[in-house]
file model_12.cif (mmCIF, C-alpha atoms and all ligand atoms)
data_target
loop_
_atom_site.label_atom_id
_atom_site.label_comp_id
_atom_site.auth_asym_id
_atom_site.auth_seq_id
_atom_site.Cartn_x
_atom_site.Cartn_y
_atom_site.Cartn_z
CA MET Z 16 7.76 -20.81 23.93
CA GLU Z 17 7.39 -17.29 25.33
CA TYR Z 18 8.63 -14.16 23.67
CA ILE Z 19 7.68 -10.54 23.07
CA THR Z 20 8.41 -8.17 20.20
CA ILE Z 21 9.36 -4.65 21.33
CA PRO Z 22 11.04 -1.54 19.87
CA MET Z 23 14.79 -1.95 19.35
CA ARG Z 24 17.04 -0.07 21.80
CA GLN Z 25 20.74 0.73 22.02
CA LYS Z 26 21.27 -2.14 24.47
CA HIS Z 27 20.22 -4.60 21.71
CA TYR Z 28 22.77 -3.25 19.22
CA ASP Z 29 25.53 -5.87 19.61
CA ASP Z 30 23.17 -8.85 19.68
CA VAL Z 31 21.30 -7.64 16.59
CA LEU Z 32 24.54 -7.02 14.70
CA LYS Z 33 25.77 -10.52 15.50
CA LEU Z 34 22.51 -12.15 14.49
CA TRP Z 35 22.42 -10.15 11.25
CA GLN Z 36 25.97 -11.30 10.40
CA ASP Z 37 25.24 -14.93 11.38
CA ARG Z 38 22.15 -15.17 9.22
CA MET Z 39 23.18 -13.15 6.19
CA GLY Z 40 26.95 -13.24 5.85
CA ARG Z 41 30.23 -11.35 6.10
CA ASN Z 42 29.95 -7.58 5.62
CA TYR Z 43 26.22 -7.90 5.07
CA PRO Z 44 25.13 -5.83 8.09
CA ASP Z 45 24.82 -2.13 7.49
CA GLU Z 46 25.55 -0.42 10.79
CA SER Z 47 24.17 2.95 9.73
CA LYS Z 48 20.86 1.23 9.01
CA LEU Z 49 20.95 -0.31 12.47
CA GLU Z 50 21.69 3.03 14.15
CA ASP Z 51 18.80 4.63 12.25
CA ALA Z 52 16.45 1.83 13.25
CA ILE Z 53 17.20 2.58 16.89
CA ASP Z 54 17.35 6.36 16.91
CA LYS Z 55 15.30 7.74 14.10
CA ASN Z 56 11.84 6.46 14.84
CA LYS Z 57 10.39 9.85 14.16
CA LEU Z 58 11.65 9.75 10.58
CA GLY Z 59 9.74 6.55 9.99
CA LYS Z 60 12.78 4.33 10.41
CA SER Z 61 12.13 1.62 12.91
CA GLY Z 62 13.57 -1.47 14.50
CA PHE Z 63 11.94 -4.19 16.58
CA VAL Z 64 13.48 -7.04 18.49
CA THR Z 65 11.95 -10.22 19.81
CA ILE Z 66 13.27 -11.18 23.23
CA ASN Z 67 12.64 -13.96 25.74
CA ASN Z 68 12.24 -13.48 29.48
CA GLN Z 69 16.02 -13.45 29.89
CA ASN Z 70 16.24 -10.50 27.50
CA GLU Z 71 18.00 -12.57 24.84
CA VAL Z 72 17.50 -11.32 21.30
CA LEU Z 73 15.76 -14.07 19.29
CA GLY Z 74 15.03 -12.04 16.17
CA PHE Z 75 14.74 -8.53 14.77
CA SER Z 76 13.11 -6.52 12.06
CA ILE Z 77 14.08 -3.26 10.37
CA GLY Z 78 11.86 -1.10 8.22
CA GLU Z 79 11.15 2.40 7.06
CA ILE Z 80 8.45 4.65 5.68
CA ILE Z 81 9.67 5.68 2.24
CA PRO Z 82 8.33 7.80 -0.64
CA ARG Z 83 6.97 5.95 -3.68
CA LYS Z 84 9.89 7.31 -5.72
CA LYS Z 85 12.33 5.33 -3.62
CA VAL Z 86 10.42 2.13 -4.35
CA GLU Z 87 10.64 2.97 -8.05
CA GLN Z 88 14.41 3.42 -7.69
CA MET Z 89 14.79 0.06 -6.00
CA VAL Z 90 12.76 -1.75 -8.65
CA PRO Z 91 12.89 0.43 -11.79
CA SER Z 92 11.23 -2.18 -13.98
CA LEU Z 93 7.95 -2.29 -12.07
CA ASP Z 94 5.14 0.16 -11.53
CA ILE Z 95 4.06 -1.01 -8.11
CA PHE Z 96 1.89 1.66 -6.51
CA ASP Z 97 -0.64 4.21 -7.77
CA LYS Z 98 0.71 7.68 -8.44
CA ASN Z 99 -1.52 9.17 -5.74
CA VAL Z 100 0.05 7.10 -2.94
CA ASP Z 101 3.17 8.53 -1.42
CA ASN Z 102 4.12 6.94 1.90
CA ILE Z 103 5.07 3.31 1.56
CA GLY Z 104 5.83 0.99 4.47
CA PHE Z 105 9.02 -0.86 3.57
CA PHE Z 106 9.60 -4.22 5.29
CA ASP Z 107 13.35 -4.21 4.90
CA LEU Z 108 14.66 -7.02 7.12
CA ASN Z 109 13.11 -9.84 9.08
CA VAL Z 110 15.54 -12.19 10.81
CA VAL Z 111 15.17 -15.00 13.35
CA LYS Z 112 17.82 -17.03 15.15
CA LYS Z 113 18.41 -20.22 13.19
CA SER Z 114 17.75 -22.59 16.09
CA LEU Z 115 14.37 -20.93 16.72
CA GLU Z 116 12.89 -20.92 13.23
CA GLY Z 117 9.36 -22.21 12.87
CA ASN Z 118 8.09 -20.83 16.19
CA GLY Z 119 6.09 -17.96 14.73
CA ILE Z 120 8.67 -15.26 15.54
CA GLY Z 121 9.13 -14.16 11.92
CA GLU Z 122 5.39 -13.83 11.46
CA LYS Z 123 5.00 -11.94 14.74
CA GLN Z 124 7.69 -9.45 13.69
CA ILE Z 125 5.85 -8.75 10.44
CA LYS Z 126 2.56 -8.27 12.25
CA VAL Z 127 4.07 -5.87 14.80
CA ARG Z 128 5.62 -3.85 12.00
CA GLU Z 129 2.36 -3.77 10.07
CA LYS Z 130 0.58 -2.41 13.15
CA TYR Z 131 3.30 0.21 13.62
CA PHE Z 132 2.84 1.40 10.00
CA LYS Z 133 -0.94 1.34 10.30
CA ASN Z 134 -0.77 3.57 13.38
CA LYS Z 135 1.09 6.05 11.21
CA ASP Z 136 -1.65 5.83 8.54
CA VAL Z 137 0.56 3.89 6.17
CA THR Z 138 -1.50 1.30 4.32
CA HIS Z 139 0.68 0.39 1.31
CA PHE Z 140 3.47 -2.07 2.00
CA PHE Z 141 6.50 -3.21 0.06
CA ALA Z 142 9.04 -5.96 0.67
CA ILE Z 143 11.99 -7.42 -1.19
CA CYS Z 144 12.24 -11.01 -0.16
CA TRP Z 145 15.41 -13.09 -0.30
CA ILE Z 146 14.40 -16.30 -1.99
CA ARG Z 147 16.42 -19.10 -0.49
CA ASP Z 148 15.65 -22.78 -0.36
CA LYS Z 149 15.82 -23.27 3.34
CA HIS Z 150 14.53 -20.12 4.98
CA HIS Z 151 11.00 -19.69 3.76
CA SER Z 152 10.75 -15.94 3.90
CA GLU Z 153 8.31 -16.06 0.96
CA ALA Z 154 6.10 -18.43 2.91
CA VAL Z 155 5.96 -16.01 5.84
CA LEU Z 156 5.13 -12.99 3.66
CA GLU Z 157 2.48 -14.88 1.75
CA LYS Z 158 0.95 -16.14 4.98
CA VAL Z 159 0.36 -12.56 6.15
CA GLY Z 160 -1.20 -11.49 2.85
CA PHE Z 161 1.63 -10.18 0.69
CA THR Z 162 1.54 -10.91 -3.04
CA CYS Z 163 4.60 -11.65 -5.17
CA LEU Z 164 4.73 -9.36 -8.22
CA ARG Z 165 7.92 -10.61 -9.79
CA LYS Z 166 11.10 -12.53 -9.15
CA ILE Z 167 14.39 -10.88 -10.14
CA ASN Z 168 17.63 -12.86 -10.55
CA ASN Z 169 20.97 -11.62 -9.18
CA PHE Z 170 19.20 -8.82 -7.35
CA TRP Z 171 22.02 -8.13 -4.84
CA TYR Z 172 24.94 -8.86 -7.20
CA LYS Z 173 26.10 -5.25 -7.64
CA GLU Z 174 25.50 -4.24 -4.04
CA THR Z 175 27.42 -7.18 -2.59
CA LYS Z 176 30.29 -6.50 -4.99
CA LYS Z 177 30.40 -2.85 -4.00
CA ARG Z 178 30.40 -3.67 -0.30
CA ASN Z 179 32.58 -6.78 -0.55
CA ALA Z 180 29.77 -8.61 1.22
CA GLU Z 181 29.41 -12.35 1.16
CA CYS Z 182 26.02 -14.05 1.05
CA ILE Z 183 25.62 -16.85 3.57
CA ASP Z 184 23.86 -18.97 0.95
CA CYS Z 185 25.73 -18.49 -2.31
CA GLY Z 186 29.00 -16.72 -1.42
CA TYR Z 187 30.58 -13.75 -3.19
CA PRO Z 188 29.09 -11.91 -4.99
CA CYS Z 189 25.49 -12.83 -4.27
CA THR Z 190 23.54 -14.40 -7.13
CA CYS Z 191 20.35 -15.01 -5.16
CA THR Z 192 16.92 -14.21 -6.53
CA ALA Z 193 14.65 -11.61 -4.97
CA GLY Z 194 10.88 -11.69 -4.78
CA ILE Z 195 9.16 -8.32 -5.07
CA TYR Z 196 6.17 -8.23 -2.76
CA LYS Z 197 3.35 -5.84 -1.97
CA LYS Z 198 0.34 -5.62 0.31
CA ILE Z 199 -2.39 -3.02 0.63
CA ILE Z 200 -4.64 -2.90 3.68
C1 LIG T 301 12.44 -15.88 7.14
C2 LIG T 301 12.43 -16.01 8.65
C3 LIG T 301 12.45 -14.62 9.28
C4 LIG T 301 11.17 -16.78 9.08
O1 LIG T 301 11.10 -16.77 10.49
P1 LIG T 301 10.34 -17.90 11.33
O2 LIG T 301 10.26 -17.42 12.73
O3 LIG T 301 10.99 -19.21 11.12
O4 LIG T 301 8.90 -17.93 10.63
P2 LIG T 301 7.54 -18.36 11.33
O5 LIG T 301 7.82 -19.43 12.34
O6 LIG T 301 6.85 -17.14 11.83
O7 LIG T 301 6.71 -18.98 10.13
C5 LIG T 301 5.54 -18.36 9.64
C6 LIG T 301 5.00 -19.19 8.47
O8 LIG T 301 5.98 -19.35 7.45
C7 LIG T 301 5.86 -20.66 6.88
N1 LIG T 301 7.04 -21.45 7.20
C8 LIG T 301 7.95 -21.22 8.17
N2 LIG T 301 8.90 -22.18 8.19
C9 LIG T 301 8.55 -23.02 7.19
C10 LIG T 301 9.12 -24.24 6.70
N3 LIG T 301 10.23 -24.75 7.26
N4 LIG T 301 8.52 -24.85 5.65
C11 LIG T 301 7.42 -24.31 5.08
N5 LIG T 301 6.81 -23.19 5.52
C12 LIG T 301 7.38 -22.56 6.55
C13 LIG T 301 4.64 -21.28 7.49
O9 LIG T 301 3.50 -20.92 6.72
C14 LIG T 301 4.60 -20.60 8.83
O10 LIG T 301 3.35 -20.57 9.43
P3 LIG T 301 2.79 -21.86 10.24
O11 LIG T 301 3.90 -22.29 11.15
O12 LIG T 301 1.59 -21.34 10.98
O13 LIG T 301 2.46 -22.87 9.20
C15 LIG T 301 13.66 -16.84 9.14
O14 LIG T 301 13.67 -18.06 8.46
C16 LIG T 301 15.01 -16.16 8.91
O15 LIG T 301 15.47 -15.39 9.73
N6 LIG T 301 15.67 -16.44 7.76
C17 LIG T 301 17.00 -15.90 7.48
C18 LIG T 301 16.97 -14.43 7.15
C19 LIG T 301 16.11 -14.15 5.94
O16 LIG T 301 16.27 -14.73 4.88
N7 LIG T 301 15.16 -13.20 6.11
C20 LIG T 301 14.25 -12.78 5.06
C21 LIG T 301 14.77 -11.72 4.20
S1 LIG T 301 15.09 -10.21 5.04
ZN ZN T 302 23.10 -15.08 -2.30
#
call {"tool": "encode", "arguments": {"input": "model_12.cif", "output": "structure tokens"}}
result
Amino acid sequence: MEYITIPMRQKHYDDVLKLWQDRMGRNYPDESKLEDAIDKNKLGKSGFVTINNQNEVLGFSIGEIIPRKKVEQMVPSLDIFDKNVDNIGFFDLNVVKKSLEGNGIGEKQIKVREKYFKNKDVTHFFAICWIRDKHHSEAVLEKVGFTCLRKINNFWYKETKKRNAECIDCGYPCTCTAGIYKKII
């Protein structure tokens, strides 16, 4: 199957939003995050989409270059990176159309993002992985060399409550477990 992974553009907005909702659940998409991923590349925020030769969106990824302090805020219980490292490449979202899982698209999106960060001299990576029985996001991260540091229960409980968001796997509020991952190149 043929596909390419390219920077996300405004014309992809509606398709990405729909895919995000389909794969994660009601109120899960954060439109300001999506707008940033399209427009604010220079601030280290970035989006990629995978498309086929008919320009259909098959998957997308969103990420950001963040200061170490922000990582510490997200996971207060863990000391993840050395104090002398400041810019961290955050692999925020990696999503593939359900009917097309297992074709290497998720892995490709991680690799493209890694290259993007590397070109910006970012070598320390961080990901919070949604551990769900059927979707294997841990398997994909581990395949490309990420290491799991810890698993945290009910990671999105408060956030989903605050945003009235429903998790596609477990409902409202989300009681899924997160895997905290890192990679250094
Ligand atoms: C997680 C997700 C992005 C993976 O995308 P994908 O395109 O299916 O993944 P890939 O085809 O690139 O798989 C890469 C590797 O992951 C592992 N993997 C993928 N599917 C697997 C399965 N069903 N069983 C076991 N391992 C699997 C394999 O090691 C695979 O490599 P291989 O095919 O060479 O053996 C996709 O399942 C998804 O969108 N899930 C819903 C959203 C989500 O939870 N995202 C993650 C949190 S943001
Ligand atoms: Zn959940």
call {"tool": "axis_aligned_box", "arguments": {"input": "model_12.cif", "around": "ligand LIG 301 (chain T)", "padding_each_side": "5 Å", "output": "JSON"}}
result
{"center_x": 9.3, "center_y": -17.5, "center_z": 8.5, "size_x": 25.4, "size_y": 24.6, "size_z": 18.5}
call {"tool": "atom_distance", "arguments": {"input": "model_12.cif", "atom1": "atom CA of Thr175 of chain Z", "atom2": "atom CA of Cys189 of chain Z"}}
result
6.2 Å
call {"tool": "residues_near_ligand", "arguments": {"input": "model_12.cif", "ligand": "ligand LIG 301 (chain T)", "cutoff": "10 Å", "atoms": "all atoms listed in the file", "output": "MDAnalysis selection string"}}
result
chainID Z and resid 34:35 37:39 73:77 106:126 142:159 183:184 193:194
call {"tool": "write_last_selection", "arguments": {"input": "model_12.cif", "atoms": "C-alpha atoms", "output": "PDB file, keeping the file's coordinate frame"}}
result
ATOM      1  CA  LEU Z  34      22.510 -12.150  14.490  1.00  0.00           C
ATOM      2  CA  TRP Z  35      22.420 -10.150  11.250  1.00  0.00           C
ATOM      3  CA  ASP Z  37      25.240 -14.930  11.380  1.00  0.00           C
ATOM      4  CA  ARG Z  38      22.150 -15.170   9.220  1.00  0.00           C
ATOM      5  CA  MET Z  39      23.180 -13.150   6.190  1.00  0.00           C
ATOM      6  CA  LEU Z  73      15.760 -14.070  19.290  1.00  0.00           C
ATOM      7  CA  GLY Z  74      15.030 -12.040  16.170  1.00  0.00           C
ATOM      8  CA  PHE Z  75      14.740  -8.530  14.770  1.00  0.00           C
ATOM      9  CA  SER Z  76      13.110  -6.520  12.060  1.00  0.00           C
ATOM     10  CA  ILE Z  77      14.080  -3.260  10.370  1.00  0.00           C
ATOM     11  CA  PHE Z 106       9.600  -4.220   5.290  1.00  0.00           C
ATOM     12  CA  ASP Z 107      13.350  -4.210   4.900  1.00  0.00           C
ATOM     13  CA  LEU Z 108      14.660  -7.020   7.120  1.00  0.00           C
ATOM     14  CA  ASN Z 109      13.110  -9.840   9.080  1.00  0.00           C
ATOM     15  CA  VAL Z 110      15.540 -12.190  10.810  1.00  0.00           C
ATOM     16  CA  VAL Z 111      15.170 -15.000  13.350  1.00  0.00           C
ATOM     17  CA  LYS Z 112      17.820 -17.030  15.150  1.00  0.00           C
ATOM     18  CA  LYS Z 113      18.410 -20.220  13.190  1.00  0.00           C
ATOM     19  CA  SER Z 114      17.750 -22.590  16.090  1.00  0.00           C
ATOM     20  CA  LEU Z 115      14.370 -20.930  16.720  1.00  0.00           C
ATOM     21  CA  GLU Z 116      12.890 -20.920  13.230  1.00  0.00           C
ATOM     22  CA  GLY Z 117       9.360 -22.210  12.870  1.00  0.00           C
ATOM     23  CA  ASN Z 118       8.090 -20.830  16.190  1.00  0.00           C
ATOM     24  CA  GLY Z 119       6.090 -17.960  14.730  1.00  0.00           C
ATOM     25  CA  ILE Z 120       8.670 -15.260  15.540  1.00  0.00           C
ATOM     26  CA  GLY Z 121       9.130 -14.160  11.920  1.00  0.00           C
ATOM     27  CA  GLU Z 122       5.390 -13.830  11.460  1.00  0.00           C
ATOM     28  CA  LYS Z 123       5.000 -11.940  14.740  1.00  0.00           C
ATOM     29  CA  GLN Z 124       7.690  -9.450  13.690  1.00  0.00           C
ATOM     30  CA  ILE Z 125       5.850  -8.750  10.440  1.00  0.00           C
ATOM     31  CA  LYS Z 126       2.560  -8.270  12.250  1.00  0.00           C
ATOM     32  CA  ALA Z 142       9.040  -5.960   0.670  1.00  0.00           C
ATOM     33  CA  ILE Z 143      11.990  -7.420  -1.190  1.00  0.00           C
ATOM     34  CA  CYS Z 144      12.240 -11.010  -0.160  1.00  0.00           C
ATOM     35  CA  TRP Z 145      15.410 -13.090  -0.300  1.00  0.00           C
ATOM     36  CA  ILE Z 146      14.400 -16.300  -1.990  1.00  0.00           C
ATOM     37  CA  ARG Z 147      16.420 -19.100  -0.490  1.00  0.00           C
ATOM     38  CA  ASP Z 148      15.650 -22.780  -0.360  1.00  0.00           C
ATOM     39  CA  LYS Z 149      15.820 -23.270   3.340  1.00  0.00           C
ATOM     40  CA  HIS Z 150      14.530 -20.120   4.980  1.00  0.00           C
ATOM     41  CA  HIS Z 151      11.000 -19.690   3.760  1.00  0.00           C
ATOM     42  CA  SER Z 152      10.750 -15.940   3.900  1.00  0.00           C
ATOM     43  CA  GLU Z 153       8.310 -16.060   0.960  1.00  0.00           C
ATOM     44  CA  ALA Z 154       6.100 -18.430   2.910  1.00  0.00           C
ATOM     45  CA  VAL Z 155       5.960 -16.010   5.840  1.00  0.00           C
ATOM     46  CA  LEU Z 156       5.130 -12.990   3.660  1.00  0.00           C
ATOM     47  CA  GLU Z 157       2.480 -14.880   1.750  1.00  0.00           C
ATOM     48  CA  LYS Z 158       0.950 -16.140   4.980  1.00  0.00           C
ATOM     49  CA  VAL Z 159       0.360 -12.560   6.150  1.00  0.00           C
ATOM     50  CA  ILE Z 183      25.620 -16.850   3.570  1.00  0.00           C
ATOM     51  CA  ASP Z 184      23.860 -18.970   0.950  1.00  0.00           C
ATOM     52  CA  ALA Z 193      14.650 -11.610  -4.970  1.00  0.00           C
ATOM     53  CA  GLY Z 194      10.880 -11.690  -4.780  1.00  0.00           C
TER      54      GLY Z 194
END
call {"tool": "closest_residue", "arguments": {"input": "model_12.cif", "among": "Z:Lys60, Z:Lys130, Z:Lys135, Z:Lys173", "to": "ligand ZN 302 (chain T)", "atoms": "all atoms listed in the file"}}
result
Z:Lys173
call {"tool": "closest_residue", "arguments": {"input": "model_12.cif", "among": "Z:Pro188, Z:Gly104, Z:Pro82, Z:Pro22", "to": "Ile66 of chain Z", "atoms": "all atoms listed in the file"}}
result
Z:Pro22
call {"tool": "atom_distance", "arguments": {"input": "model_12.cif", "atom1": "atom CA of Ile21 of chain Z", "atom2": "atom CA of Ile80 of chain Z"}}
result
18.2 Å
call {"tool": "atom_distance", "arguments": {"input": "model_12.cif", "atom1": "atom CA of Asp136 of chain Z", "atom2": "atom CA of Phe96 of chain Z"}}
result
16.0 Å
call {"tool": "residues_around", "arguments": {"input": "model_12.cif", "residues": "Ile167 of chain Z", "least_positions_apart": "2", "cutoff": "9 Å", "atoms": "only C-alpha atoms", "output": "ChimeraX atom specification"}}
result
/Z:165,169-170,191-195
call {"tool": "residues_near_point", "arguments": {"input": "model_12.cif", "point": "(5.2, 5.0, -3.9)", "cutoff": "7 Å", "atoms": "only C-alpha atoms", "output": "count of residues only"}}
result
10
call {"tool": "closest_residue", "arguments": {"input": "model_12.cif", "among": "Z:Glu79, Z:Ile200, Z:Ser47, Z:Arg41", "to": "ligand ZN 302 (chain T)", "atoms": "all atoms listed in the file"}}
result
Z:Arg41
call {"tool": "closest_residue", "arguments": {"input": "model_12.cif", "among": "Z:Gly59, Z:Arg178, Z:Trp171, Z:Val64", "to": "ligand ZN 302 (chain T)", "atoms": "only C-alpha atoms and all ligand atoms"}}
result
Z:Trp171
call {"tool": "closest_residue", "arguments": {"input": "model_12.cif", "among": "Z:Phe140, Z:Tyr172, Z:Tyr28, Z:Tyr187", "to": "Gly62 of chain Z", "atoms": "all atoms listed in the file"}}
result
Z:Tyr28
call {"tool": "build_atoms", "arguments": {"input": "model_12.cif", "residues": "segment 168-190 of chain Z", "atoms": "N, CA and C atoms", "output": "PDB file, in the frame of the given file"}}
result
ATOM      1  N   ASN Z 168      16.374 -12.134 -10.792  1.00  0.00           N
ATOM      2  CA  ASN Z 168      17.630 -12.860 -10.550  1.00  0.00           C
ATOM      3  C   ASN Z 168      18.769 -11.893 -10.220  1.00  0.00           C
ATOM      4  N   ASN Z 169      19.743 -12.377  -9.495  1.00  0.00           N
ATOM      5  CA  ASN Z 169      20.970 -11.620  -9.180  1.00  0.00           C
ATOM      6  C   ASN Z 169      20.684 -10.229  -8.597  1.00  0.00           C
ATOM      7  N   PHE Z 170      19.649 -10.132  -7.818  1.00  0.00           N
ATOM      8  CA  PHE Z 170      19.200  -8.820  -7.350  1.00  0.00           C
ATOM      9  C   PHE Z 170      20.263  -8.069  -6.532  1.00  0.00           C
ATOM     10  N   TRP Z 171      21.035  -8.800  -5.725  1.00  0.00           N
ATOM     11  CA  TRP Z 171      22.020  -8.130  -4.840  1.00  0.00           C
ATOM     12  C   TRP Z 171      23.443  -8.220  -5.385  1.00  0.00           C
ATOM     13  N   TYR Z 172      23.610  -8.630  -6.631  1.00  0.00           N
ATOM     14  CA  TYR Z 172      24.940  -8.860  -7.200  1.00  0.00           C
ATOM     15  C   TYR Z 172      25.826  -7.604  -7.097  1.00  0.00           C
ATOM     16  N   LYS Z 173      25.302  -6.490  -7.625  1.00  0.00           N
ATOM     17  CA  LYS Z 173      26.100  -5.250  -7.640  1.00  0.00           C
ATOM     18  C   LYS Z 173      26.394  -4.751  -6.233  1.00  0.00           C
ATOM     19  N   GLU Z 174      25.356  -4.772  -5.394  1.00  0.00           N
ATOM     20  CA  GLU Z 174      25.500  -4.240  -4.040  1.00  0.00           C
ATOM     21  C   GLU Z 174      26.530  -5.047  -3.234  1.00  0.00           C
ATOM     22  N   THR Z 175      26.474  -6.373  -3.363  1.00  0.00           N
ATOM     23  CA  THR Z 175      27.420  -7.180  -2.590  1.00  0.00           C
ATOM     24  C   THR Z 175      28.848  -6.987  -3.119  1.00  0.00           C
ATOM     25  N   LYS Z 176      28.965  -6.753  -4.420  1.00  0.00           N
ATOM     26  CA  LYS Z 176      30.290  -6.500  -4.990  1.00  0.00           C
ATOM     27  C   LYS Z 176      30.855  -5.192  -4.445  1.00  0.00           C
ATOM     28  N   LYS Z 177      29.976  -4.178  -4.462  1.00  0.00           N
ATOM     29  CA  LYS Z 177      30.400  -2.850  -4.000  1.00  0.00           C
ATOM     30  C   LYS Z 177      30.843  -2.893  -2.536  1.00  0.00           C
ATOM     31  N   ARG Z 178      30.125  -3.656  -1.733  1.00  0.00           N
ATOM     32  CA  ARG Z 178      30.400  -3.670  -0.300  1.00  0.00           C
ATOM     33  C   ARG Z 178      31.298  -4.834   0.127  1.00  0.00           C
ATOM     34  N   ASN Z 179      31.783  -5.604  -0.857  1.00  0.00           N
ATOM     35  CA  ASN Z 179      32.580  -6.780  -0.550  1.00  0.00           C
ATOM     36  C   ASN Z 179      31.878  -7.683   0.465  1.00  0.00           C
ATOM     37  N   ALA Z 180      30.575  -7.831   0.287  1.00  0.00           N
ATOM     38  CA  ALA Z 180      29.770  -8.610   1.220  1.00  0.00           C
ATOM     39  C   ALA Z 180      29.547 -10.015   0.671  1.00  0.00           C
ATOM     40  N   GLU Z 181      29.568 -10.965   1.577  1.00  0.00           N
ATOM     41  CA  GLU Z 181      29.410 -12.350   1.160  1.00  0.00           C
ATOM     42  C   GLU Z 181      28.051 -12.876   1.618  1.00  0.00           C
ATOM     43  N   CYS Z 182      27.343 -13.506   0.717  1.00  0.00           N
ATOM     44  CA  CYS Z 182      26.020 -14.050   1.050  1.00  0.00           C
ATOM     45  C   CYS Z 182      26.193 -15.407   1.733  1.00  0.00           C
ATOM     46  N   ILE Z 183      25.469 -15.611   2.795  1.00  0.00           N
ATOM     47  CA  ILE Z 183      25.620 -16.850   3.570  1.00  0.00           C
ATOM     48  C   ILE Z 183      25.198 -18.072   2.748  1.00  0.00           C
ATOM     49  N   ASP Z 184      24.344 -17.853   1.758  1.00  0.00           N
ATOM     50  CA  ASP Z 184      23.860 -18.970   0.950  1.00  0.00           C
ATOM     51  C   ASP Z 184      24.733 -19.262  -0.271  1.00  0.00           C
ATOM     52  N   CYS Z 185      25.098 -18.218  -1.014  1.00  0.00           N
ATOM     53  CA  CYS Z 185      25.730 -18.490  -2.310  1.00  0.00           C
ATOM     54  C   CYS Z 185      27.142 -17.921  -2.419  1.00  0.00           C
ATOM     55  N   GLY Z 186      27.632 -17.216  -1.398  1.00  0.00           N
ATOM     56  CA  GLY Z 186      29.000 -16.720  -1.420  1.00  0.00           C
ATOM     57  C   GLY Z 186      29.144 -15.330  -2.008  1.00  0.00           C
ATOM     58  N   TYR Z 187      30.282 -15.094  -2.685  1.00  0.00           N
ATOM     59  CA  TYR Z 187      30.580 -13.750  -3.190  1.00  0.00           C
ATOM     60  C   TYR Z 187      30.750 -13.751  -4.694  1.00  0.00           C
ATOM     61  N   PRO Z 188      30.195 -12.779  -5.427  1.00  0.00           N
ATOM     62  CA  PRO Z 188      29.090 -11.910  -4.990  1.00  0.00           C
ATOM     63  C   PRO Z 188      27.770 -12.679  -5.024  1.00  0.00           C
ATOM     64  N   CYS Z 189      26.762 -12.114  -4.422  1.00  0.00           N
ATOM     65  CA  CYS Z 189      25.490 -12.830  -4.270  1.00  0.00           C
ATOM     66  C   CYS Z 189      24.754 -12.957  -5.603  1.00  0.00           C
ATOM     67  N   THR Z 190      24.321 -14.183  -5.897  1.00  0.00           N
ATOM     68  CA  THR Z 190      23.540 -14.400  -7.130  1.00  0.00           C
ATOM     69  C   THR Z 190      22.123 -14.873  -6.788  1.00  0.00           C
TER      70      THR Z 190
END
